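Since the structure comes first, as structure tokens, the remarks are kept for the end.
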Amino acid sequence: MKRSQKCSQRLRAGAILLSCIGTCFAQNLSSGPKAKPLAFEVATVRPTRPDSTNEDWDSEGNRVTIKGYSLRQLIKAAFNLRSAAQILGGPEWLDKQRFDILAIIDEEQATSFRAAGADRDEEAEIQMMLQALLSERFHLRVRSVEKKLPIFGLVVSSTHTRLVPDLAKPRSLSIRNGHMVAVATSMDDMAQSLTRMREVGDRMVINQTSLVGTYDFDLSWTPDRGAGVPEQAVYPGLFTALQDQLGLKLKPGKADAPVLEVLAAELPHFD
């Protein structure tokens, strides 16, 4: 089952008590009746230093290190949400207080994950562990609802796009400092990458191109870091670059989307 399908099923589950989720997911990974709940062996939670501007997520081996994340960002990561706008309600410090987390996966679970081989979905496992941590340390409770949200539709702006079909090469998509290089990339993947761009704000980008298959393309733009695009910039802004270079555009609109309503959350006891 694809990761997006897993996320949709989790979000449609109605009222969610997060402390139960780790156990349910672990039972999906193992047919044994005594499957160990999916959770970190140990985790430290500390407030981010006020003078720190660092924001980072690193997963290596059996360690997960998160720096400078707000509770909204942690919820977004734990539930694999595409936009922060999919989180409703919550305490007044939801975006203000930031946290540093160091979490360790115990050796028994790490061994069982390695034994799963190609069937293992590491990202989904870590998401479920983070859900359990948020339940235990932040006393987080959420429920799923449907809401019409502002979105950008990724659409074709002209009769001919400047995308090169590619069905043979392995997929890759890299984005760095205003340059996107895509190989064998679908428009769904393109839309998901655009959702993370600062220029689109909290709006999700949804593929509405009707283009199937995968494509090669390069895109260059001048990132808008909050002050607009300078007149002397070599490349245009993201919206103009999409239209001029690829024959695509972002069309504002609204669409129904699953959202999480925060029912309860508390500041954790810091380590």
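By order of appearance in the structure tokens: chains A, B, ..., then residues from 1 within every chain, and ligands from 1 in the order shown.
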Do you know which residues are at most 7 Å from Gln86 (chain A) counting only C-alpha atoms, after dropping those on the same chain fewer than 6 positions away, and could you put them as a PyMOL selection string? chain A and resi 258-260
Could you pull out the residues in region 10-247 of chain A that DSSP calls alpha helix (DSSP H) from the backbone, as a PyMOL selection string? chain A and resi 10-11+21-29+71-78+107-116+122-138+187-195+238-241
Students should find that CA of Leu38 (chain A) and CA of Ser83 (chain A) are spaced 25.2 Å
Which residue of A:Glu261, A:Asp106, A:Asp256, A:Glu199 approaches Val229 (chain A) most closely, using only C-alpha atoms: A:Glu199
Can you work out which one of A:Val205, A:Lys96, A:Leu163, A:Asp271 has the shortest atom-to-atom distance to Leu219 (chain A), counting only C-alpha atoms?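 Residue with the minimum atom-to-atom distance to Leu219 (chain A): A:Leu163.
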List as an MDAnalysis selection string the protein and nucleic acid residues near Met204 (chain A), meaning an atom at most 7 Å away when only C-alpha atoms are counted, but skip any in the same chain fewer than 6 places from it. chainID A and resid 82:83 151:152 195
Same residues, all heavy atoms, saved as a short mmCIF file (atom, residue, chain, number, x, y, z; two decimals), in the first residue's frame:
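Saved result, out_22.cif, follows:
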```
data_model
loop_
_atom_site.label_atom_id
_atom_site.label_comp_id
_atom_site.auth_asym_id
_atom_site.auth_seq_id
_atom_site.Cartn_x
_atom_site.Cartn_y
_atom_site.Cartn_z
N ARG A 82 0.32 17.43 4.01
CA ARG A 82 0.99 18.18 2.95
C ARG A 82 1.11 19.66 3.29
O ARG A 82 1.97 20.35 2.75
CB ARG A 82 0.23 18.01 1.64
CG ARG A 82 0.28 16.58 1.11
CD ARG A 82 -0.43 16.46 -0.21
NE ARG A 82 0.19 17.29 -1.23
CZ ARG A 82 -0.28 17.42 -2.47
NH1 ARG A 82 -1.38 16.79 -2.82
NH2 ARG A 82 0.33 18.19 -3.34
N SER A 83 0.23 20.18 4.16
CA SER A 83 0.23 21.61 4.46
C SER A 83 -0.08 21.83 5.93
O SER A 83 -0.88 21.10 6.52
CB SER A 83 -0.80 22.33 3.59
OG SER A 83 -1.01 23.66 4.04
N ILE A 151 -6.38 26.22 -2.16
CA ILE A 151 -5.33 25.41 -2.78
C ILE A 151 -4.83 26.12 -4.04
O ILE A 151 -5.39 27.12 -4.48
CB ILE A 151 -5.84 23.99 -3.14
CG1 ILE A 151 -7.04 24.06 -4.13
CG2 ILE A 151 -6.25 23.24 -1.90
CD1 ILE A 151 -6.70 23.81 -5.56
N PHE A 152 -3.76 25.61 -4.58
CA PHE A 152 -3.34 25.96 -5.92
C PHE A 152 -3.48 24.71 -6.78
O PHE A 152 -2.99 23.64 -6.41
CB PHE A 152 -1.88 26.43 -5.97
CG PHE A 152 -1.67 27.85 -5.54
CD1 PHE A 152 -0.92 28.15 -4.41
CD2 PHE A 152 -2.20 28.90 -6.28
CE1 PHE A 152 -0.72 29.45 -4.01
CE2 PHE A 152 -2.00 30.22 -5.89
CZ PHE A 152 -1.26 30.50 -4.75
N THR A 195 4.18 22.19 -3.08
CA THR A 195 3.49 22.48 -1.83
C THR A 195 4.47 22.94 -0.76
O THR A 195 4.12 23.73 0.12
CB THR A 195 2.72 21.23 -1.34
OG1 THR A 195 1.69 20.92 -2.28
CG2 THR A 195 2.09 21.46 0.02
#
```
